[in-house]
Protein chains: 2
Amino acid sequence: MSIEAEAVELANHELYAAVEAADLDRMAEVWLDGPHAETVVCVHPGWPAIQGREEVLRSWTAIMANTPYIQFFLTDVEVEVVGEIAVVTCAENILTGMGESALAGGRAVATNVFRHTASGWRLWIHHASPVITPAEGDDSS
Amino acid sequence: MSIEAEAVELANHELYAAVEAADLDRMAEVWLDGPHAETVVCVHPGWPAIQGREEVLRSWTAIMANTPYIQFFLTDVEVEVVGEIAVVTCAENILTGMGESALAGGRAVATNVFRHTASGWRLWIHHASPVITPAEGDDSS
């Protein structure tokens with residue numbers, strides 16, 4: 001993997017680390033700022049698109065405030081760098097806690113597009129969608 | 001809108017026109033070919049990611065064979081061009097026919113990433129996801 005691709009993968013990891021830590025300051029560092037801030041787009045699983053850096057950060061504030069515990073296990077991470085644009089596709093294997101000791105698992109697929117800036121790779125577009133898999137083995141109880 | 005952005009919007013329109021026409025040859029022209037064909041990614045609503053040009057075209061063949069009628073009305077189309085990469089985000093308002101006169105409506109949101117090639121803008125990544133909206137007005141019958 002090239003040094004640029006490694007830097008992109010690190011930026012991608014930081015997105016999920018910021019959500020896990022429910023740290024809005026870190027989230028603000030992850031996302032693109034400056035002249036293209038209004039073109040930032042975020043799609044949460046099952047949601048319509050949210051456009052604009054401020055609106056996107058506000059949505060994350062709401063999600064983080066309503067998620068006592070969340071952990072991401074990323075698989076199938078693919079990184080492609082073309083000039084000042086980088087695209088990461090990955091599967092998000094998600095473990096969430098809704099309070100007390102109840103845990104729920106979920107699976108989503110994400111496309112994350114980064115732009116190279118003077119302050120490194122910043123997230124421009126995040127599109128996550130639910131993976132609706134048919135029950136395997138039909139052993140649902 | 002710049003001439004490049006117009007060319008990208010036309011390429012984006014061609015994706016949906018090819019699906020509506022159930023024309024696999026047109027679909028093959030829409031998608032990226034050549035040295036980066038293996039990095040092509042497609043996410044159908046609710047599906048995991050499919051990687052590789054051949055696998056992606058095969059999935060469309062299956063979808064088109066099982067969809068007697070489909071029509072897309074695109075809204076909120078945003079086009080951004082950065083070097084040889086272009087990103088289109090849009091809302092897909094979908095009308096499908098399942099046979100006889102039964103029609104169903106649906107809503108999805110899509111991120112489409114194009115790459116510029118010697119043969120114009122070709123689709124590199126298509127990520128579509130279902131928009132699960134709460135019922136408005138609760139007048140479902």
# chains A, B, ... in the order shown; residues from 1 in each chain; ligands from 1

call {"tool": "closest_atom_pairs", "arguments": {"of": "chain B", "to": "chain A", "cutoff": "9 Å", "atoms": "only C-alpha atoms", "output": "Markdown table"}}
result
| residue | atom | partner | partner_atom | distance |
| --- | --- | --- | --- | --- |
| B:Thr39 | CA | A:Glu80 | CA | 8.2 |
| B:Val41 | CA | A:Thr89 | CA | 8.3 |
| B:Val43 | CA | A:Val109 | CA | 8.1 |
| B:Pro45 | CA | A:Ser129 | CA | 7.6 |
| B:Gly46 | CA | A:Val131 | CA | 4.8 |
| B:Trp47 | CA | A:Val131 | CA | 5.2 |
| B:Pro48 | CA | A:Val131 | CA | 5.6 |
| B:Ala49 | CA | A:Val109 | CA | 6.7 |
| B:Glu78 | CA | A:Thr39 | CA | 8.7 |
| B:Glu80 | CA | A:Thr39 | CA | 8.2 |
| B:Val82 | CA | A:Ile85 | CA | 7.5 |
| B:Gly83 | CA | A:Gly83 | CA | 7.4 |
| B:Glu84 | CA | A:Val82 | CA | 7.8 |
| B:Ile85 | CA | A:Ile85 | CA | 7.3 |
| B:Thr89 | CA | A:Val41 | CA | 8.3 |
| B:Cys90 | CA | A:Ala49 | CA | 8.3 |
| B:Ala91 | CA | A:Pro48 | CA | 7.8 |
| B:Arg107 | CA | A:Pro48 | CA | 8.9 |
| B:Ala108 | CA | A:Pro48 | CA | 7.6 |
| B:Val109 | CA | A:Pro48 | CA | 6.1 |
| B:Ala110 | CA | A:His127 | CA | 8.5 |
| B:Thr111 | CA | A:His127 | CA | 7.3 |
| B:Ile125 | CA | A:Thr111 | CA | 8.7 |
| B:His127 | CA | A:Thr111 | CA | 7.3 |
| B:Ala128 | CA | A:Ser129 | CA | 7.9 |
| B:Ser129 | CA | A:Ser129 | CA | 5.4 |
| B:Pro130 | CA | A:Gly46 | CA | 5.6 |
| B:Val131 | CA | A:Gly46 | CA | 4.8 |
| B:Ile132 | CA | A:Gly46 | CA | 4.9 |
| B:Thr133 | CA | A:Trp47 | CA | 7.3 |

call {"tool": "write_last_selection", "arguments": {"atoms": "N, CA, C and O atoms", "output": "compact mmCIF listing (two decimals), in the first residue's frame"}}
result
# COMPACT_ATOMS: atom_id res chain seq x y z
N THR B 39 -11.56 -2.37 -9.94
CA THR B 39 -11.84 -1.52 -8.77
C THR B 39 -13.25 -0.94 -8.80
O THR B 39 -13.62 -0.19 -7.90
N VAL B 41 -17.05 -0.54 -8.13
CA VAL B 41 -17.86 -0.95 -6.98
C VAL B 41 -19.31 -0.54 -7.19
O VAL B 41 -19.58 0.57 -7.67
N VAL B 43 -23.16 -0.71 -5.07
CA VAL B 43 -24.00 -1.09 -3.94
C VAL B 43 -25.45 -0.85 -4.33
O VAL B 43 -25.87 0.30 -4.52
N PRO B 45 -29.50 -0.96 -3.34
CA PRO B 45 -30.16 -0.68 -2.05
C PRO B 45 -30.35 -1.95 -1.20
O PRO B 45 -30.97 -2.91 -1.65
N GLY B 46 -29.77 -1.94 0.00
CA GLY B 46 -29.92 -3.06 0.91
C GLY B 46 -28.93 -4.19 0.70
O GLY B 46 -28.91 -5.16 1.46
N TRP B 47 -28.09 -4.06 -0.35
CA TRP B 47 -27.12 -5.12 -0.66
C TRP B 47 -25.76 -4.78 -0.09
O TRP B 47 -25.45 -3.61 0.15
N PRO B 48 -24.91 -5.79 0.08
CA PRO B 48 -23.49 -5.51 0.34
C PRO B 48 -22.83 -5.02 -0.95
O PRO B 48 -23.45 -5.02 -2.01
N ALA B 49 -21.59 -4.57 -0.86
CA ALA B 49 -20.89 -4.05 -2.04
C ALA B 49 -20.51 -5.18 -3.00
O ALA B 49 -20.14 -6.27 -2.56
N GLU B 78 -26.61 16.89 -7.53
CA GLU B 78 -25.46 17.76 -7.29
C GLU B 78 -24.25 17.15 -7.99
O GLU B 78 -23.98 15.96 -7.82
N GLU B 80 -20.06 17.51 -8.73
CA GLU B 80 -18.79 18.14 -8.37
C GLU B 80 -17.69 17.47 -9.18
O GLU B 80 -17.62 16.24 -9.22
N VAL B 82 -13.56 17.23 -9.69
CA VAL B 82 -12.24 17.54 -9.13
C VAL B 82 -11.21 16.77 -9.96
O VAL B 82 -11.04 15.57 -9.79
N GLY B 83 -10.56 17.45 -10.87
CA GLY B 83 -9.59 16.78 -11.73
C GLY B 83 -10.28 15.74 -12.60
O GLY B 83 -11.27 16.03 -13.26
N GLU B 84 -9.78 14.51 -12.56
CA GLU B 84 -10.37 13.47 -13.40
C GLU B 84 -11.43 12.64 -12.68
O GLU B 84 -11.83 11.58 -13.15
N ILE B 85 -11.86 13.16 -11.50
CA ILE B 85 -12.91 12.49 -10.74
C ILE B 85 -14.13 13.41 -10.65
O ILE B 85 -13.98 14.62 -10.50
N THR B 89 -24.32 13.33 -6.46
CA THR B 89 -25.25 12.81 -5.46
C THR B 89 -26.65 13.16 -5.93
O THR B 89 -26.87 14.24 -6.50
N CYS B 90 -27.58 12.25 -5.78
CA CYS B 90 -28.95 12.53 -6.20
C CYS B 90 -29.93 11.66 -5.43
O CYS B 90 -29.56 10.63 -4.86
N ALA B 91 -31.18 12.11 -5.41
CA ALA B 91 -32.26 11.31 -4.85
C ALA B 91 -32.93 10.59 -6.01
O ALA B 91 -33.22 11.20 -7.03
N ARG B 107 -38.02 5.24 -2.69
CA ARG B 107 -37.07 6.33 -2.66
C ARG B 107 -35.71 5.84 -2.22
O ARG B 107 -35.61 5.07 -1.27
N ALA B 108 -34.70 6.27 -2.95
CA ALA B 108 -33.34 5.90 -2.60
C ALA B 108 -32.46 7.14 -2.75
O ALA B 108 -32.87 8.15 -3.35
N VAL B 109 -31.26 7.06 -2.19
CA VAL B 109 -30.30 8.14 -2.37
C VAL B 109 -29.04 7.50 -2.95
O VAL B 109 -28.66 6.39 -2.57
N ALA B 110 -28.43 8.20 -3.92
CA ALA B 110 -27.29 7.62 -4.61
C ALA B 110 -26.09 8.55 -4.61
O ALA B 110 -26.22 9.77 -4.73
N THR B 111 -24.91 7.93 -4.48
CA THR B 111 -23.64 8.61 -4.72
C THR B 111 -23.00 7.90 -5.91
O THR B 111 -22.80 6.69 -5.86
N ILE B 125 -17.99 4.13 -9.25
CA ILE B 125 -18.65 3.66 -8.03
C ILE B 125 -20.10 4.13 -8.02
O ILE B 125 -20.38 5.31 -8.24
N HIS B 127 -23.31 3.88 -5.42
CA HIS B 127 -23.79 3.47 -4.09
C HIS B 127 -25.20 3.99 -3.92
O HIS B 127 -25.41 5.20 -3.81
N ALA B 128 -26.17 3.09 -3.93
CA ALA B 128 -27.58 3.49 -3.74
C ALA B 128 -28.09 2.86 -2.46
O ALA B 128 -27.77 1.70 -2.16
N SER B 129 -28.86 3.62 -1.71
CA SER B 129 -29.38 3.08 -0.44
C SER B 129 -30.82 3.51 -0.24
O SER B 129 -31.24 4.57 -0.69
N PRO B 130 -31.59 2.65 0.43
CA PRO B 130 -33.00 2.95 0.65
C PRO B 130 -33.19 4.11 1.62
O PRO B 130 -32.44 4.23 2.59
N VAL B 131 -34.15 4.98 1.33
CA VAL B 131 -34.51 6.03 2.28
C VAL B 131 -35.75 5.56 3.02
O VAL B 131 -36.80 5.33 2.42
N ILE B 132 -35.54 5.33 4.33
CA ILE B 132 -36.63 4.81 5.16
C ILE B 132 -37.24 5.98 5.90
O ILE B 132 -36.75 6.42 6.92
N THR B 133 -38.30 6.55 5.31
CA THR B 133 -38.90 7.75 5.89
C THR B 133 -40.07 7.36 6.78
O THR B 133 -40.86 6.50 6.42

call {"tool": "select_by_dssp", "arguments": {"residues": "chain A", "states": "strand (DSSP E or B)", "output": "number ranges by chain"}}
result
A: 31, 41-43, 50-51, 69-82, 85-97, 103-117, 120-130

call {"tool": "closest_residue", "arguments": {"among": "A:Ala37, A:Leu95, A:Ala102, A:Leu74", "to": "Trp124 of chain A", "atoms": "only C-alpha atoms"}}
result
A:Ala37

call {"tool": "residues_around", "arguments": {"residues": "Asn66 of chain B", "least_positions_apart": "2", "cutoff": "12 Å", "atoms": "only C-alpha atoms", "output": "list in words"}}
result
Val19, Ala22, Ser59, Trp60, Thr61, Ala62, Ile63, Met64, Pro68, Tyr69, Ile70, Thr96, Gly97, Met98 and Gly99 of chain B

call {"tool": "residues_around", "arguments": {"residues": "segment 4-15 of chain B", "least_positions_apart": "5", "cutoff": "8 Å", "atoms": "only C-alpha atoms", "output": "PyMOL selection string"}}
result
chain B and resi 27+30+79-81+86+88+112+114+121-123

call {"tool": "atom_distance", "arguments": {"atom1": "atom CA of Gly106 of chain A", "atom2": "atom CA of Asp23 of chain A"}}
result
21.7 Å

call {"tool": "select_by_dssp", "arguments": {"residues": "chain B", "states": "helix (DSSP H, G or I)", "output": "ChimeraX atom specification"}}
result
/B:3-20,24-30,37-39,53-65

call {"tool": "closest_residue", "arguments": {"among": "A:Glu92, A:Ser119, A:Leu103, A:Thr75", "to": "Tyr16 of chain A", "atoms": "only C-alpha atoms"}}
result
A:Glu92

call {"tool": "closest_residue", "arguments": {"among": "A:Asn93, A:Gly120, A:Ala65, A:Met1", "to": "Glu29 of chain A", "atoms": "only C-alpha atoms"}}
result
A:Gly120
